[in-house]
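Visitor: Okay, here's the structure, questions in a sec.
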Amino acid sequence: MAGKVMHVVQYDSYGSGAAGLKYVEVPVPTPKKDEVLLKLEATNTNPIDWKIQKGMLRPLLPTKFPFIPTIDVGGEVVEVGSNVKSFKAGDKVVAMLNALNGGGLAEYAVANESLTVPRPAEVSTAEGAGLTALQALVNPAEVKLDGIGPRKNILVTAASGGVGHYAVQLAKLGNTHVTATCGACNIDFVKSLGADEVLDYKTPEGATLKSPSGPKYDAVIHYTIGIPWSTFEPNLSSSGKVIDITPGVSAMWTFVVKKLTFSKKQLVPLVLIPKKENLELIVGLVKEGKLKTVIDSKFPLSKADDAWIRSIDGHATGKIVAEPLL
């Protein structure tokens with residue numbers, strides 16, 4: 001597709017929110033030998049995307065400008081690199097793009113073959129997400145999704161959002177007791193996902209994060225902002241962990257202090273390391289009906305700023321999806 005241009009959404013600096021997004025034309029990328037070129041059908045807009053733009057993850061994910069955000073995509077293979085063996089033009093897939101390069105808010109994107117998996121007909125384009133929640137639960141939280149192993153008490157913050165609603169469902173595949181936080185209007189929704197207890201974060205009781213039934217948390221899957229370590233600490237078990245999915249400067253400082261003081265209670269900044277087998281697991285769980293994706297809203301690429309505003313607002317129920325109009 002040499003010489004062809006595409007529409008993308010990008011930003012040129014940290015800050016500015018939705019107003020900083022620019023609609024431009026750039027050349028369609030050429031896949032390297034181990035990459036596939038995708039004609040995108042959907043890209044998920046997650047809170048981590050605008051937090052990267054805001055500079056909140058600068059220590060972990062330094063951004064090279066101009067930057068095309070989002071990495072969680074689905075679409076059709078249109079071209080393959082010389083070493084690609086698993087895919088051909090016309091294949092429907094879901095993929096994770098390189099977090100340092102982004103590229104999802106566009107008509108086309110390149111993905112590494114190792115982070116691309118076939119999308120069965122039973123799985124919609126927007127349903128290949130969930131890697132962040134999966135990695136947080138399986139690795140630092142040490143939840144076994146086959147239901148075996150010691151019982152763990154888990155807290156999921158922002159449980160009605162794009163990552164949170166996956167985290168609740170995935171946690172309940174393990175031997176867990178799940179407490180979740182959300183707004184009052186989403187309590188029934190989060191209960192329907194399997195949460196054992198749901199806290200309205202706007203109430204005085206919910207703001208303390210204390211489990212109504214009393215157990216201390218072995219792990220907290222934390223995907224919101226504005227909650228200090230001092231709120232989490234009294235609610236953790238003796239070796240409990242807060243797994244911060246979008247760690248800022250204060251979270252990194254807490255992480256260092258807890259390490260240096262040999263505290264058994266830890267704050268763990270999550271650095272997403274995508275693996276093909278995890279993406280395949282997510283797609284398989286969706287196909288089997290064990291994991292459902294809830295779509296809050298869909299926006300055409302030309303209205304990506306509205307998707308950005310919806311995500312920043314923090315009240316989405318499920319995923320926010322941008323769909324290129326080709």
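The way I read the labels, and the way they are meant: chains A, B, ... in the order of the structure tokens, residue 1 as the first residue of every chain, and ligand 1 as the first ligand shown, with later ones counted on from there.
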Kindly assemble as JSON lines a list of the range 180-287 of chain A residues that lie within 9 Å of range 87-108 of chain A, each paired with its nearest atom pair and their distance in Å to one decimal, using only C-alpha atoms, sorted first by chain and then by ascending residue number.

Guide:
```
{"residue": "A:Leu272", "atom": "CA", "partner": "A:Ala99", "partner_atom": "CA", "distance": 8.7}
{"residue": "A:Pro274", "atom": "CA", "partner": "A:Met96", "partner_atom": "CA", "distance": 7.3}
{"residue": "A:Lys276", "atom": "CA", "partner": "A:Ala95", "partner_atom": "CA", "distance": 9.0}
{"residue": "A:Leu279", "atom": "CA", "partner": "A:Ala95", "partner_atom": "CA", "distance": 8.0}
{"residue": "A:Val283", "atom": "CA", "partner": "A:Val94", "partner_atom": "CA", "distance": 8.6}
```

Visitor: Just the strand (DSSP E or B) stuff from range 33-152 of chain A, please, per backbone DSSP, written as a short mmCIF file (atom, residue, chain, number, x, y, z; two decimals) with N, CA, C and O atoms, in the first residue's frame.

Guide:
```cif
data_model
loop_
_atom_site.label_atom_id
_atom_site.label_comp_id
_atom_site.auth_asym_id
_atom_site.auth_seq_id
_atom_site.Cartn_x
_atom_site.Cartn_y
_atom_site.Cartn_z
N GLU A 35 5.60 -8.37 11.06
CA GLU A 35 4.38 -7.62 11.37
C GLU A 35 3.29 -7.86 10.34
O GLU A 35 3.55 -8.31 9.22
N VAL A 36 2.05 -7.54 10.76
CA VAL A 36 0.91 -7.56 9.85
C VAL A 36 0.31 -6.15 9.79
O VAL A 36 0.33 -5.42 10.78
N LEU A 37 -0.17 -5.78 8.63
CA LEU A 37 -0.87 -4.52 8.47
C LEU A 37 -2.37 -4.80 8.59
O LEU A 37 -2.90 -5.66 7.89
N LEU A 38 -3.02 -4.06 9.49
CA LEU A 38 -4.44 -4.27 9.76
C LEU A 38 -5.28 -3.10 9.26
O LEU A 38 -4.91 -1.93 9.47
N LYS A 39 -6.37 -3.41 8.60
CA LYS A 39 -7.42 -2.43 8.33
C LYS A 39 -8.31 -2.45 9.57
O LYS A 39 -9.01 -3.45 9.82
N LEU A 40 -8.26 -1.41 10.37
CA LEU A 40 -8.90 -1.44 11.68
C LEU A 40 -10.42 -1.31 11.58
O LEU A 40 -10.95 -0.51 10.79
N GLU A 41 -11.10 -2.10 12.40
CA GLU A 41 -12.55 -2.06 12.49
C GLU A 41 -13.01 -1.49 13.83
O GLU A 41 -14.12 -0.96 13.94
N ALA A 42 -12.16 -1.61 14.85
CA ALA A 42 -12.51 -1.07 16.17
C ALA A 42 -11.24 -0.92 16.99
O ALA A 42 -10.30 -1.71 16.86
N THR A 43 -11.23 0.10 17.83
CA THR A 43 -10.15 0.26 18.80
C THR A 43 -10.77 0.70 20.11
O THR A 43 -11.68 1.53 20.13
N ASN A 44 -10.32 0.09 21.19
CA ASN A 44 -10.87 0.42 22.50
C ASN A 44 -10.12 1.59 23.10
O ASN A 44 -8.89 1.61 23.15
N THR A 45 -10.88 2.59 23.56
CA THR A 45 -10.30 3.75 24.22
C THR A 45 -10.39 3.53 25.72
O THR A 45 -11.48 3.47 26.29
N PHE A 67 2.08 11.51 18.57
CA PHE A 67 1.73 10.18 19.06
C PHE A 67 0.28 9.86 18.70
O PHE A 67 -0.63 10.66 18.94
N ILE A 68 0.08 8.68 18.11
CA ILE A 68 -1.27 8.18 17.79
C ILE A 68 -1.67 7.23 18.92
O ILE A 68 -1.07 6.16 19.07
N ASP A 72 -5.28 -1.23 21.71
CA ASP A 72 -6.16 -2.39 21.84
C ASP A 72 -7.11 -2.42 20.64
O ASP A 72 -8.09 -1.67 20.60
N VAL A 73 -6.81 -3.24 19.61
CA VAL A 73 -7.49 -3.09 18.32
C VAL A 73 -8.01 -4.42 17.77
O VAL A 73 -7.59 -5.50 18.18
N GLY A 74 -8.88 -4.28 16.80
CA GLY A 74 -9.36 -5.43 16.04
C GLY A 74 -9.58 -5.02 14.60
O GLY A 74 -9.87 -3.86 14.31
N GLY A 75 -9.41 -5.97 13.67
CA GLY A 75 -9.61 -5.62 12.28
C GLY A 75 -9.29 -6.77 11.35
O GLY A 75 -9.32 -7.95 11.74
N GLU A 76 -8.95 -6.43 10.11
CA GLU A 76 -8.69 -7.42 9.06
C GLU A 76 -7.28 -7.26 8.53
O GLU A 76 -6.82 -6.14 8.28
N VAL A 77 -6.59 -8.37 8.38
CA VAL A 77 -5.25 -8.35 7.82
C VAL A 77 -5.33 -7.99 6.34
O VAL A 77 -6.09 -8.58 5.58
N VAL A 78 -4.52 -7.00 5.93
CA VAL A 78 -4.49 -6.63 4.51
C VAL A 78 -3.12 -6.87 3.88
O VAL A 78 -2.99 -6.92 2.67
N GLU A 79 -2.09 -7.00 4.72
CA GLU A 79 -0.74 -7.24 4.20
C GLU A 79 0.08 -7.89 5.31
O GLU A 79 -0.13 -7.60 6.49
N VAL A 80 1.01 -8.76 4.93
CA VAL A 80 1.85 -9.43 5.93
C VAL A 80 3.32 -9.25 5.58
O VAL A 80 3.69 -9.14 4.40
N LYS A 92 -9.53 -12.20 9.98
CA LYS A 92 -10.06 -11.32 11.03
C LYS A 92 -9.28 -11.61 12.31
O LYS A 92 -9.13 -12.77 12.72
N VAL A 93 -8.81 -10.54 12.96
CA VAL A 93 -7.94 -10.72 14.13
C VAL A 93 -8.22 -9.66 15.18
O VAL A 93 -8.89 -8.65 14.92
N VAL A 94 -7.69 -9.92 16.39
CA VAL A 94 -7.55 -8.88 17.42
C VAL A 94 -6.07 -8.82 17.76
O VAL A 94 -5.33 -9.81 17.61
N ALA A 95 -5.62 -7.64 18.21
CA ALA A 95 -4.19 -7.47 18.42
C ALA A 95 -3.93 -6.41 19.48
O ALA A 95 -4.79 -5.57 19.77
N MET A 96 -2.74 -6.49 20.07
CA MET A 96 -2.23 -5.45 20.94
C MET A 96 -1.06 -4.79 20.23
O MET A 96 -0.11 -5.47 19.83
N GLY A 102 2.00 3.12 20.06
CA GLY A 102 0.57 3.38 19.87
C GLY A 102 0.13 3.02 18.47
O GLY A 102 0.63 2.07 17.86
N ALA A 106 -6.67 5.13 14.17
CA ALA A 106 -6.26 5.27 12.77
C ALA A 106 -7.08 4.31 11.92
O ALA A 106 -7.79 3.44 12.44
N TYR A 108 -5.54 2.36 9.62
CA TYR A 108 -4.67 1.20 9.50
C TYR A 108 -3.64 1.23 10.62
O TYR A 108 -3.26 2.30 11.12
N ALA A 109 -3.14 0.06 11.00
CA ALA A 109 -2.08 -0.03 11.99
C ALA A 109 -1.28 -1.30 11.75
O ALA A 109 -1.80 -2.28 11.20
N VAL A 110 -0.01 -1.29 12.18
CA VAL A 110 0.80 -2.50 12.11
C VAL A 110 0.89 -3.12 13.50
O VAL A 110 1.00 -2.43 14.51
N ALA A 111 0.80 -4.45 13.53
CA ALA A 111 0.89 -5.20 14.79
C ALA A 111 1.89 -6.33 14.60
O ALA A 111 2.02 -6.91 13.51
N ASN A 112 2.60 -6.64 15.67
CA ASN A 112 3.53 -7.76 15.62
C ASN A 112 2.75 -9.07 15.55
O ASN A 112 1.72 -9.23 16.22
N THR A 116 -0.82 -10.90 17.85
CA THR A 116 -2.02 -10.93 17.02
C THR A 116 -2.61 -12.33 17.06
O THR A 116 -1.88 -13.31 16.94
N VAL A 117 -3.92 -12.42 17.26
CA VAL A 117 -4.56 -13.74 17.31
C VAL A 117 -5.82 -13.74 16.46
O VAL A 117 -6.46 -12.70 16.27
N PRO A 118 -6.18 -14.90 15.92
CA PRO A 118 -7.40 -14.99 15.12
C PRO A 118 -8.63 -14.63 15.95
O PRO A 118 -8.70 -14.92 17.14
N LYS A 152 -8.74 -16.17 47.97
CA LYS A 152 -8.20 -14.83 48.10
C LYS A 152 -9.32 -13.80 48.13
O LYS A 152 -10.35 -13.96 47.44
#
```

Visitor: Closest to Thr224 in chain A among A:Val84, A:Met6, A:Val156, A:Ile273, using only C-alpha atoms?

Guide: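 That would be A:Val156, the residue with the smallest distance to Thr224 in chain A.
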
Visitor: Looking only at alpha helix (DSSP H) from DSSP on the backbone, list the matching residues of range 109-241 of chain A as a PyMOL selection string.

Guide: chain A and resi 131-138+164-172+187-192+204-207+229-232

Visitor: For Lys191 in chain A, work out the shell of residues within 10 Å, counting only C-alpha atoms and skipping chain neighbours fewer than 3 positions away, then give it as JSON, numbers by chain.

Guide: {"A": [159, 160, 168, 179, 180, 186, 187, 188, 194, 195, 196, 197, 198]}

Visitor: Name all residues at most 6 Å from Pro269 in chain A (count only C-alpha atoms; drop same-chain ones fewer than 5 positions away) and give them as a compact mmCIF listing (two decimals) with N, CA and C atoms, in the first residue's frame.

Guide:
```txt
# COMPACT_ATOMS: atom_id res chain seq x y z
N ILE A 243 -2.32 -3.29 43.38
CA ILE A 243 -1.76 -3.36 42.03
C ILE A 243 -2.31 -2.18 41.25
N ASP A 244 -1.46 -1.18 41.07
CA ASP A 244 -1.86 0.08 40.46
C ASP A 244 -1.66 -0.02 38.95
N PRO A 247 -0.04 3.77 37.37
CA PRO A 247 0.71 4.41 38.44
C PRO A 247 1.28 5.77 38.04
```

Visitor: So what do you get for CA of Phe255 in chain A versus CA of Leu267 in chain A, distance-wise?

Guide: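 Atom-to-atom, CA of Phe255 in chain A and CA of Leu267 in chain A are spaced 5.1 Å apart.
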
Visitor: Which residues come within 7 Å of Leu21 in chain A, counting only C-alpha atoms, excluding same-chain residues fewer than 4 positions away, as a list in words?

Guide: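 Counting only the stated atoms, we get Val9, Gln10, Tyr11 and Asp305 of chain A.
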
Visitor: For Gly164 in chain A, which residue among A:Phe65, A:Tyr23, A:Trp229, A:Phe189 is the nearest when counting only C-alpha atoms?

Guide: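 Looking only at the distances to Gly164 in chain A, the closest residue turns out to be A:Phe189.
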
Visitor: Can you tell me, as a PDB file with N, CA and C atoms, in the first residue's frame, what residues are no more than 6 Å from Lys33 in chain A when counting only C-alpha atoms, ignoring any on the same chain fewer than 2 positions away?

Guide:
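Output (part-v6.pdb):
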```pdb
ATOM      1  N   GLU A  35       5.599  -8.371  11.057  1.00  0.00           N
ATOM      2  CA  GLU A  35       4.381  -7.624  11.368  1.00  0.00           C
ATOM      3  C   GLU A  35       3.285  -7.865  10.340  1.00  0.00           C
ATOM      4  N   GLY A  81       4.162  -9.230   6.633  1.00  0.00           N
ATOM      5  CA  GLY A  81       5.599  -9.156   6.429  1.00  0.00           C
ATOM      6  C   GLY A  81       6.151 -10.476   5.912  1.00  0.00           C
ATOM      7  N   SER A  82       7.378 -10.441   5.439  1.00  0.00           N
ATOM      8  CA  SER A  82       7.983 -11.594   4.765  1.00  0.00           C
ATOM      9  C   SER A  82       8.138 -12.816   5.658  1.00  0.00           C
ATOM     10  N   ASN A  83       8.245 -12.616   6.984  1.00  0.00           N
ATOM     11  CA  ASN A  83       8.433 -13.746   7.895  1.00  0.00           C
ATOM     12  C   ASN A  83       7.143 -14.221   8.562  1.00  0.00           C
TER      13      ASN A  83
END
```

Visitor: Could you name the residues that touch Lys303 in chain A at 12 Å or less, counting only C-alpha atoms, but leaving out those on the same chain fewer than 5 positions away, as a list of chain:residue names?

Guide: A:Val8, A:Val9, A:Ala18, A:Ala19, A:Leu21, A:Lys22, A:Tyr23, A:Leu105, A:Ser297, A:Lys298, A:Trp308, A:Ile309, A:Arg310, A:Val321, A:Ala322, A:Glu323, A:Pro324, A:Leu325

Visitor: Could the residues in this selection be saved with C-alpha atoms as a PDB file, in the first residue's frame?

Guide:
```pdb
ATOM      1  CA  VAL A   8      -5.408   9.274  12.136  1.00  0.00           C
ATOM      2  CA  VAL A   9      -5.940  11.032  15.446  1.00  0.00           C
ATOM      3  CA  ALA A  18      -9.583  16.107  24.011  1.00  0.00           C
ATOM      4  CA  ALA A  19      -8.725  19.598  22.739  1.00  0.00           C
ATOM      5  CA  LEU A  21      -6.281  15.696  19.629  1.00  0.00           C
ATOM      6  CA  LYS A  22      -5.624  16.474  15.970  1.00  0.00           C
ATOM      7  CA  TYR A  23      -7.153  14.868  12.890  1.00  0.00           C
ATOM      8  CA  LEU A 105      -6.784   5.700  16.487  1.00  0.00           C
ATOM      9  CA  SER A 297     -20.563   3.646  23.633  1.00  0.00           C
ATOM     10  CA  LYS A 298     -19.243   3.702  20.082  1.00  0.00           C
ATOM     11  CA  TRP A 308     -11.807  10.872  24.849  1.00  0.00           C
ATOM     12  CA  ILE A 309     -14.198  13.120  26.806  1.00  0.00           C
ATOM     13  CA  ARG A 310     -16.381  10.136  27.688  1.00  0.00           C
ATOM     14  CA  VAL A 321     -15.009   1.990  21.205  1.00  0.00           C
ATOM     15  CA  ALA A 322     -13.818   4.046  18.254  1.00  0.00           C
ATOM     16  CA  GLU A 323     -14.650   2.730  14.797  1.00  0.00           C
ATOM     17  CA  PRO A 324     -12.826   3.956  11.676  1.00  0.00           C
ATOM     18  CA  LEU A 325     -15.130   4.799   8.796  1.00  0.00           C
TER      19      LEU A 325
END
```

Visitor: Just give me the gap between CA of Gly284 in chain A and CA of Lys144 in chain A in Å, one decimal is fine.

Guide: 16.3 Å
